[in-house]
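Visitor: So that you have it, the file is start-v3.txt, and it contains compact mmCIF, C-alpha atoms:
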```
# COMPACT_ATOMS: atom_id res chain seq x y z
CA MET V 1 87.58 93.70 159.46
CA LYS V 2 84.83 92.60 161.84
CA ILE V 3 85.35 89.73 164.25
CA LEU V 4 82.56 88.41 166.46
CA ALA V 5 83.92 86.48 169.43
CA LEU V 6 82.47 84.01 171.93
CA ASP V 7 83.96 82.56 175.10
CA SER V 8 82.09 80.09 177.30
CA SER V 9 85.09 77.91 178.11
CA GLY V 10 85.09 78.52 181.86
CA LEU V 11 83.00 80.14 184.56
CA VAL V 12 82.74 83.33 182.51
CA ALA V 13 80.42 83.84 179.54
CA SER V 14 81.52 86.59 177.19
CA VAL V 15 80.74 87.93 173.71
CA ALA V 16 82.48 90.76 171.87
CA LEU V 17 82.70 92.56 168.55
CA ILE V 18 85.86 94.09 167.13
CA ALA V 19 85.78 96.22 163.98
CA ASP V 20 89.01 97.55 162.45
CA ASP V 21 90.98 97.24 165.70
CA ILE V 22 88.24 98.91 167.76
CA LEU V 23 86.41 97.05 170.51
CA VAL V 24 82.87 98.03 169.57
CA ALA V 25 81.05 96.03 172.23
CA GLU V 26 81.75 93.44 174.90
CA TYR V 27 79.37 91.70 177.26
CA THR V 28 80.84 89.57 180.05
CA ILE V 29 79.21 87.91 183.01
CA ASN V 30 80.67 85.77 185.75
CA TYR V 31 77.71 84.69 187.80
CA LYS V 32 75.83 81.56 188.81
CA ARG V 33 73.94 80.96 185.58
CA THR V 34 74.57 78.37 182.90
CA HIS V 35 76.05 79.37 179.58
CA SER V 36 73.03 77.90 177.84
CA GLU V 37 71.00 80.58 179.63
CA THR V 38 73.33 83.50 179.00
CA LEU V 39 75.32 83.19 175.77
CA LEU V 40 72.61 83.66 173.15
CA PRO V 41 70.77 86.44 175.06
CA MET V 42 74.11 88.25 175.46
CA LEU V 43 74.82 87.85 171.76
CA ASP V 44 71.36 89.16 170.90
CA GLU V 45 71.86 92.17 173.20
CA LEU V 46 75.27 92.92 171.69
CA LYS V 47 73.75 92.73 168.22
CA ARG V 48 70.91 95.06 169.19
CA MET V 49 72.98 97.63 171.05
CA SER V 50 75.64 97.88 168.33
CA ASN V 51 73.20 97.70 165.41
CA LEU V 52 75.22 94.77 164.12
CA ASP V 53 74.23 93.14 160.87
CA LEU V 54 75.66 89.64 161.29
CA GLU V 55 76.07 89.34 157.52
CA THR V 56 78.82 92.00 157.71
CA ILE V 57 81.18 90.10 160.01
CA ASP V 58 84.28 88.51 158.52
CA ALA V 59 84.72 85.65 160.96
CA ILE V 60 83.59 84.13 164.24
CA ALA V 61 86.31 83.68 166.84
CA VAL V 62 85.63 81.21 169.61
CA ALA V 63 87.58 80.07 172.65
CA GLY V 64 88.41 76.57 171.46
CA GLY V 65 89.60 74.96 174.66
CA PRO V 66 90.74 73.68 176.98
CA GLY V 67 88.13 74.39 179.60
CA SER V 68 84.76 73.23 180.84
CA PHE V 69 83.53 70.39 178.63
CA THR V 70 79.94 71.64 178.73
CA GLY V 71 80.94 75.27 178.24
CA LEU V 72 83.18 74.44 175.29
CA ARG V 73 80.40 72.45 173.63
CA ILE V 74 77.97 75.36 174.03
CA GLY V 75 80.43 77.87 172.59
CA SER V 76 81.47 75.55 169.79
CA SER V 77 77.91 74.66 168.76
CA THR V 78 76.93 78.35 168.81
CA ALA V 79 79.92 79.31 166.66
CA LYS V 80 79.28 76.45 164.24
CA GLY V 81 75.60 77.33 163.94
CA LEU V 82 76.43 80.95 163.16
CA ALA V 83 79.17 79.96 160.72
CA LEU V 84 76.82 77.64 158.87
CA ALA V 85 73.94 80.12 158.74
CA LEU V 86 76.12 83.07 157.70
CA ASP V 87 78.64 81.14 155.59
CA LYS V 88 81.52 82.60 157.63
CA PRO V 89 84.79 81.01 158.79
CA ILE V 90 85.58 80.09 162.39
CA VAL V 91 88.80 81.09 164.11
CA SER V 92 89.54 78.75 167.01
CA VAL V 93 91.58 80.54 169.68
CA PRO V 94 93.11 78.41 172.45
CA THR V 95 91.45 79.44 175.71
CA VAL V 96 94.61 79.96 177.74
CA ASP V 97 96.26 81.86 174.86
CA ALA V 98 93.38 84.34 174.87
CA LEU V 99 93.47 84.56 178.66
CA ALA V 100 97.18 85.44 178.54
CA TYR V 101 96.49 88.00 175.82
CA ASN V 102 94.53 90.02 178.39
CA LEU V 103 97.92 91.13 179.72
CA PHE V 104 99.26 92.61 176.50
CA GLY V 105 102.64 94.29 177.00
CA THR V 106 103.36 92.65 180.35
CA LYS V 107 107.06 92.09 181.07
CA GLY V 108 108.18 88.61 182.06
CA LEU V 109 106.20 85.41 181.92
CA ILE V 110 102.42 85.15 181.90
CA CYS V 111 100.84 82.02 183.36
CA PRO V 112 97.09 81.49 183.00
CA LEU V 113 95.65 79.00 185.48
CA MET V 114 92.24 77.43 184.96
CA ASP V 115 90.89 75.01 187.52
CA ALA V 116 90.77 71.63 185.76
CA ARG V 117 89.73 69.76 188.94
CA ARG V 118 91.36 66.51 190.03
CA MET V 119 94.32 68.62 191.30
CA GLN V 120 95.19 69.76 187.78
CA THR V 121 95.22 73.06 185.92
CA TYR V 122 94.79 74.05 182.29
CA THR V 123 97.75 76.31 181.77
CA GLY V 124 100.60 77.44 179.53
CA LEU V 125 103.39 80.03 179.52
CA TYR V 126 103.52 83.18 177.40
CA ARG V 127 105.42 86.40 176.95
CA PHE V 128 105.25 89.61 174.98
CA GLU V 129 108.44 90.53 173.15
CA ASP V 130 109.79 94.09 172.99
CA ASP V 131 108.14 94.57 169.60
CA GLY V 132 104.75 93.57 171.04
CA SER V 133 104.67 90.15 169.42
CA PHE V 134 102.99 87.37 171.40
CA THR V 135 105.12 84.30 172.05
CA VAL V 136 103.90 80.92 173.25
CA VAL V 137 106.64 79.70 175.61
CA ARG V 138 104.78 76.54 176.63
CA GLU V 139 101.67 75.44 174.76
CA ALA V 140 98.35 74.86 176.49
CA CYS V 141 98.42 71.75 178.64
CA ALA V 142 96.65 70.00 181.50
CA VAL V 143 99.13 69.36 184.32
CA ALA V 144 99.47 69.33 188.08
CA ILE V 145 100.13 72.76 189.58
CA GLU V 146 103.46 71.43 190.90
CA GLU V 147 104.63 70.69 187.34
CA ILE V 148 103.95 74.16 185.93
CA LEU V 149 105.53 75.79 189.00
CA GLU V 150 108.63 73.64 188.56
CA ASP V 151 108.85 74.80 184.95
CA ILE V 152 108.44 78.44 186.02
CA ASN V 153 111.09 78.13 188.72
CA SER V 154 113.55 76.66 186.21
CA ARG V 155 113.21 79.76 184.02
CA GLY V 156 114.03 82.17 186.84
CA GLU V 157 111.77 84.99 185.63
CA ARG V 158 109.07 87.10 187.21
CA VAL V 159 105.60 85.73 186.41
CA VAL V 160 102.05 87.06 186.43
CA PHE V 161 99.33 84.54 187.28
CA LEU V 162 95.71 84.94 186.23
CA GLY V 163 92.57 82.87 185.78
CA ASP V 164 90.00 81.11 187.92
CA GLY V 165 92.70 78.72 189.11
CA VAL V 166 94.48 81.46 191.06
CA PRO V 167 92.26 81.28 194.17
CA VAL V 168 92.39 77.48 193.97
CA PHE V 169 96.18 77.25 193.76
CA SER V 170 97.34 80.44 195.48
CA GLU V 171 98.46 78.55 198.58
CA LYS V 172 100.55 76.13 196.52
CA ILE V 173 102.03 79.04 194.58
CA GLY V 174 103.02 80.68 197.86
CA GLU V 175 104.67 77.47 199.02
CA LEU V 176 106.48 76.45 195.83
CA ALA V 177 107.21 79.54 193.73
CA LYS V 178 110.87 80.55 193.88
CA VAL V 179 110.60 83.52 191.52
CA PRO V 180 108.92 86.93 191.95
CA TYR V 181 105.23 86.75 191.08
CA VAL V 182 102.02 88.78 191.15
CA PHE V 183 98.36 88.04 190.54
CA ALA V 184 96.49 89.96 187.85
CA PRO V 185 93.80 92.39 189.07
CA ALA V 186 90.10 91.57 188.84
CA HIS V 187 89.40 93.35 185.54
CA LEU V 188 92.09 91.32 183.75
CA SER V 189 92.02 88.01 185.56
CA ARG V 190 89.23 86.12 183.77
CA GLN V 191 88.27 85.21 180.22
CA ARG V 192 87.15 88.07 177.99
CA ALA V 193 85.77 87.70 174.50
CA GLY V 194 87.52 90.96 173.61
CA ALA V 195 90.86 89.14 173.93
CA VAL V 196 89.52 86.21 171.89
CA ALA V 197 88.47 88.68 169.19
CA SER V 198 91.80 90.53 169.19
CA LEU V 199 93.87 87.37 168.96
CA GLY V 200 91.33 85.91 166.53
CA ALA V 201 91.82 88.89 164.21
CA ILE V 202 95.56 88.13 164.09
CA TYR V 203 94.94 84.45 163.37
CA PHE V 204 92.33 85.35 160.75
CA ALA V 205 94.83 87.58 158.95
CA GLU V 206 97.29 84.66 159.02
CA GLY V 207 94.71 82.39 157.41
CA ARG V 208 94.21 80.18 160.46
CA VAL V 209 90.52 79.56 159.81
CA GLN V 210 88.15 76.59 159.81
CA LYS V 211 84.87 75.78 158.14
CA HIS V 212 81.95 75.04 160.42
CA GLY V 213 82.31 71.29 159.88
CA GLU V 214 86.01 71.33 160.70
CA HIS V 215 85.82 72.98 164.10
CA HIS V 216 85.95 70.88 167.26
CA PRO V 217 86.89 71.95 170.79
CA GLU V 218 90.29 70.94 172.17
CA TYR V 219 89.62 69.29 175.53
CA LEU V 220 93.20 68.14 176.24
CA ARG V 221 91.95 65.30 178.41
CA MET V 222 89.04 62.87 178.70
CA SER V 223 85.75 63.84 180.27
CA GLN V 224 84.78 62.38 183.64
CA ALA V 225 82.29 60.05 181.94
CA GLU V 226 85.00 58.79 179.57
CA ARG V 227 87.42 58.23 182.47
CA GLU V 228 84.79 56.31 184.40
CA ARG V 229 84.04 54.12 181.41
CA MET V 230 87.74 53.40 180.94
CA GLU V 231 88.14 52.55 184.62
CA LYS V 232 85.30 50.07 184.26
CA GLY V 233 86.95 48.55 181.18
CA LEU V 234 84.25 49.79 178.79
CA THR V 235 85.39 50.89 175.34
CA SER V 236 82.11 51.64 173.56
```
What's the structure tokens form of this structure?
Guide:
Amino acid sequence: MKILALDSSGLVASVALIADDILVAEYTINYKRTHSETLLPMLDELKRMSNLDLETIDAIAVAGGPGSFTGLRIGSSTAKGLALALDKPIVSVPTVDALAYNLFGTKGLICPLMDARRMQTYTGLYRFEDDGSFTVVREACAVAIEEILEDINSRGERVVFLGDGVPVFSEKIGELAKVPYVFAPAHLSRQRAGAVASLGAIYFAEGRVQKHGEHHPEYLRMSQAERERMEKGLTS
């Protein structure tokens, strides 16, 4: 099985290829360039360096949101274009699910935090069971940091935080967390297409696939432009 994966849902741009449970190639960059500048060149470089024939892939996994509205649109349109051209299915992997999957085998709760601005975070709660299975404890959501910390405190378990929201909310975590916690190290703390591909392979085997015309990003909340229009009483 070959899964090509894309993640441009946050500050990081990442592409990866997994073949038969082997991470063949992964290209990740977290720097001050737009995803429209980086994603396709990274994909082309991955293809060249791994001698990948795109016709041989089984599916395209993409971080399906939540996350940056612009980044999600770029990743989604790239995945849909490839799926249409290659006649391949899309596997939409929730962004925070894939982020949590970076910490495979971690004991206790895993809490991804993405900076959603407006004092909110895209987050969720996850754990790995003793048999290695991945459990969604709380599905991806957009909430205030205080709300997710209240939920964590009520569960009374050690938690690992990761994501670009950690530096934004670390002070609040220090003030409000009543359970033991740690922050994931740098090599595991941001989006990686390798995790999207690994989780995408599981979802693909379960039949959780979409055609190119069926895939749409999951934003979880309105864009700033939509909020402004609503505040002004405009509906169209």
Visitor: Return the single residue from V:Arg138, V:Arg190, V:Lys47, V:His212 that is closest to Gly163 (chain V), with distances computed using all atoms listed in the file.
Guide: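 That would be V:Arg190, the residue with the smallest distance to Gly163 (chain V).
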Visitor: Counting all atoms listed in the file, what is within 10 Å of Leu39 (chain V), bar same-chain residues fewer than 6 positions away, as a PDB file with C-alpha atoms, keeping the file's coordinate frame?
Guide:
```pdb
ATOM      1  CA  LEU V   6      82.470  84.010 171.930  1.00  0.00           C
ATOM      2  CA  ASP V   7      83.960  82.560 175.100  1.00  0.00           C
ATOM      3  CA  SER V   8      82.090  80.090 177.300  1.00  0.00           C
ATOM      4  CA  ALA V  13      80.420  83.840 179.540  1.00  0.00           C
ATOM      5  CA  SER V  14      81.520  86.590 177.190  1.00  0.00           C
ATOM      6  CA  VAL V  15      80.740  87.930 173.710  1.00  0.00           C
ATOM      7  CA  TYR V  27      79.370  91.700 177.260  1.00  0.00           C
ATOM      8  CA  THR V  28      80.840  89.570 180.050  1.00  0.00           C
ATOM      9  CA  ILE V  29      79.210  87.910 183.010  1.00  0.00           C
ATOM     10  CA  GLU V  45      71.860  92.170 173.200  1.00  0.00           C
ATOM     11  CA  ILE V  74      77.970  75.360 174.030  1.00  0.00           C
ATOM     12  CA  GLY V  75      80.430  77.870 172.590  1.00  0.00           C
ATOM     13  CA  THR V  78      76.930  78.350 168.810  1.00  0.00           C
TER      14      THR V  78
END
```
Visitor: To one decimal in Å, tell me the separation between CA of Gln120 (chain V) and CA of Arg208 (chain V).
Guide: 29.3 Å
Visitor: For a quick check of understanding, using all atoms listed in the file, which of V:Ser170, V:Asn51, V:Thr121, V:Ser9 has the smallest distance to Pro217 (chain V)?
Guide: V:Ser9
Visitor: Using only C-alpha atoms, which protein or nucleic acid residues come within 8 Å of Ile57 (chain V)? Drop anything in the same chain fewer than 6 positions from it, and give the result as a PyMOL selection string.
Guide: chain V and resi 1-4+88
Visitor: Nearest residue to Phe161 (chain V) out of V:Pro180, V:Pro112, V:Gly132, V:Gly124, using all atoms listed in the file?
Guide: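 When distances to Phe161 (chain V) are compared using all atoms listed in the file, the smallest one comes from V:Pro112.
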Visitor: What does the structure give for the distance between CA of His215 (chain V) and CA of Met119 (chain V), in Å to one decimal?
Guide: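 If I compute the distance from CA of His215 (chain V) to CA of Met119 (chain V), I get 28.8 Å.
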Visitor: For Asn153 (chain V), find every residue with an atom within 8 Å (counting all atoms listed in the file), except residues of its own chain fewer than 4 positions away, and show them as a JSON list (two decimals) with C-alpha atoms, in the coordinates of the input.
Guide:
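File produced: part-v4.json:
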```json
[["chain", "number", "residue", "atom", "x", "y", "z"],
["V", 149, "LEU", "CA", 105.53, 75.79, 189.00],
["V", 157, "GLU", "CA", 111.77, 84.99, 185.63],
["V", 177, "ALA", "CA", 107.21, 79.54, 193.73],
["V", 178, "LYS", "CA", 110.87, 80.55, 193.88],
["V", 179, "VAL", "CA", 110.60, 83.52, 191.52]]
```
Visitor: How many Å separate CA of Thr123 (chain V) from CA of Ile202 (chain V)?
Guide: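 About the pair CA of Thr123 (chain V) and CA of Ile202 (chain V): they are 21.4 Å apart.
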Visitor: Considering all atoms listed in the file, can you say which of V:Gly71, V:Pro167, V:Gly156, V:Pro89 comes closest to Gly108 (chain V)?
Guide: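 Between V:Gly71, V:Pro167, V:Gly156, V:Pro89, the residue approaching Gly108 (chain V) most closely is V:Gly156.
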Visitor: Skipping near chain neighbours, those fewer than 6 positions away, what residues fall within 8 Å of Val93 (chain V) using only C-alpha atoms, listed as a PyMOL selection string?
Guide: chain V and resi 61-65+196+199-200
Visitor: Which one of V:Asp115, V:Glu147, V:Asp131, V:Glu139 sits closest to Ala100 (chain V) if you count all atoms listed in the file?
Guide: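 Of V:Asp115, V:Glu147, V:Asp131, V:Glu139, the one nearest Ala100 (chain V) is V:Glu139, counting all atoms listed in the file.
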Visitor: Restricting the calculation to all atoms listed in the file: of V:Ile152, V:Val168, V:Ile60, V:Val91, which residue gets closest to Met114 (chain V)?
Guide: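 Selected residue with least distance to Met114 (chain V): V:Val168.
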Visitor: List the spatial neighbours of Tyr31 (chain V) as a PyMOL selection string - criterion: any atom at most 10 Å away, only C-alpha atoms, same-chain residues fewer than 4 positions off excluded.
Guide: chain V and resi 11-13+35+38
Visitor: Could you please fill out region 156-175 of chain V with N, CA and C atoms and send it back as a PDB file, in the coordinates of the input?
Guide:
```
ATOM      1  N   GLY V 156     113.459  81.089 186.043  1.00  0.00           N
ATOM      2  CA  GLY V 156     114.030  82.170 186.840  1.00  0.00           C
ATOM      3  C   GLY V 156     113.524  83.560 186.527  1.00  0.00           C
ATOM      4  N   GLU V 157     112.308  83.681 186.002  1.00  0.00           N
ATOM      5  CA  GLU V 157     111.770  84.990 185.630  1.00  0.00           C
ATOM      6  C   GLU V 157     110.541  85.342 186.479  1.00  0.00           C
ATOM      7  N   ARG V 158     110.298  86.629 186.583  1.00  0.00           N
ATOM      8  CA  ARG V 158     109.070  87.100 187.210  1.00  0.00           C
ATOM      9  C   ARG V 158     107.873  86.603 186.396  1.00  0.00           C
ATOM     10  N   VAL V 159     106.775  86.290 187.090  1.00  0.00           N
ATOM     11  CA  VAL V 159     105.600  85.730 186.410  1.00  0.00           C
ATOM     12  C   VAL V 159     104.341  86.400 186.945  1.00  0.00           C
ATOM     13  N   VAL V 160     103.379  86.574 186.048  1.00  0.00           N
ATOM     14  CA  VAL V 160     102.050  87.060 186.430  1.00  0.00           C
ATOM     15  C   VAL V 160     101.081  85.899 186.262  1.00  0.00           C
ATOM     16  N   PHE V 161     100.347  85.580 187.320  1.00  0.00           N
ATOM     17  CA  PHE V 161      99.330  84.540 187.280  1.00  0.00           C
ATOM     18  C   PHE V 161      97.952  85.168 187.113  1.00  0.00           C
ATOM     19  N   LEU V 162      97.092  84.493 186.367  1.00  0.00           N
ATOM     20  CA  LEU V 162      95.710  84.940 186.230  1.00  0.00           C
ATOM     21  C   LEU V 162      94.826  83.747 185.930  1.00  0.00           C
ATOM     22  N   GLY V 163      93.513  83.939 186.067  1.00  0.00           N
ATOM     23  CA  GLY V 163      92.570  82.870 185.780  1.00  0.00           C
ATOM     24  C   GLY V 163      91.842  82.381 187.009  1.00  0.00           C
ATOM     25  N   ASP V 164      90.798  81.585 186.787  1.00  0.00           N
ATOM     26  CA  ASP V 164      90.000  81.110 187.920  1.00  0.00           C
ATOM     27  C   ASP V 164      90.728  80.083 188.764  1.00  0.00           C
ATOM     28  N   GLY V 165      91.900  79.641 188.309  1.00  0.00           N
ATOM     29  CA  GLY V 165      92.700  78.720 189.110  1.00  0.00           C
ATOM     30  C   GLY V 165      93.526  79.420 190.185  1.00  0.00           C
ATOM     31  N   VAL V 166      93.654  80.741 190.087  1.00  0.00           N
ATOM     32  CA  VAL V 166      94.480  81.460 191.060  1.00  0.00           C
ATOM     33  C   VAL V 166      93.983  81.272 192.489  1.00  0.00           C
ATOM     34  N   PRO V 167      92.692  81.500 192.782  1.00  0.00           N
ATOM     35  CA  PRO V 167      92.260  81.280 194.170  1.00  0.00           C
ATOM     36  C   PRO V 167      92.361  79.826 194.609  1.00  0.00           C
ATOM     37  N   VAL V 168      92.288  78.901 193.656  1.00  0.00           N
ATOM     38  CA  VAL V 168      92.390  77.480 193.970  1.00  0.00           C
ATOM     39  C   VAL V 168      93.822  77.100 194.342  1.00  0.00           C
ATOM     40  N   PHE V 169      94.786  77.669 193.615  1.00  0.00           N
ATOM     41  CA  PHE V 169      96.180  77.250 193.760  1.00  0.00           C
ATOM     42  C   PHE V 169      97.074  78.288 194.422  1.00  0.00           C
ATOM     43  N   SER V 170      96.514  79.368 194.925  1.00  0.00           N
ATOM     44  CA  SER V 170      97.340  80.440 195.480  1.00  0.00           C
ATOM     45  C   SER V 170      98.213  79.959 196.638  1.00  0.00           C
ATOM     46  N   GLU V 171      97.674  79.060 197.457  1.00  0.00           N
ATOM     47  CA  GLU V 171      98.460  78.550 198.580  1.00  0.00           C
ATOM     48  C   GLU V 171      99.664  77.755 198.094  1.00  0.00           C
ATOM     49  N   LYS V 172      99.452  76.916 197.089  1.00  0.00           N
ATOM     50  CA  LYS V 172     100.550  76.130 196.520  1.00  0.00           C
ATOM     51  C   LYS V 172     101.587  77.049 195.868  1.00  0.00           C
ATOM     52  N   ILE V 173     101.104  78.096 195.198  1.00  0.00           N
ATOM     53  CA  ILE V 173     102.030  79.040 194.580  1.00  0.00           C
ATOM     54  C   ILE V 173     102.894  79.682 195.652  1.00  0.00           C
ATOM     55  N   GLY V 174     102.270  80.086 196.749  1.00  0.00           N
ATOM     56  CA  GLY V 174     103.020  80.680 197.860  1.00  0.00           C
ATOM     57  C   GLY V 174     104.065  79.744 198.433  1.00  0.00           C
ATOM     58  N   GLU V 175     103.750  78.456 198.458  1.00  0.00           N
ATOM     59  CA  GLU V 175     104.670  77.470 199.020  1.00  0.00           C
ATOM     60  C   GLU V 175     105.823  77.139 198.073  1.00  0.00           C
TER      61      GLU V 175
END
```
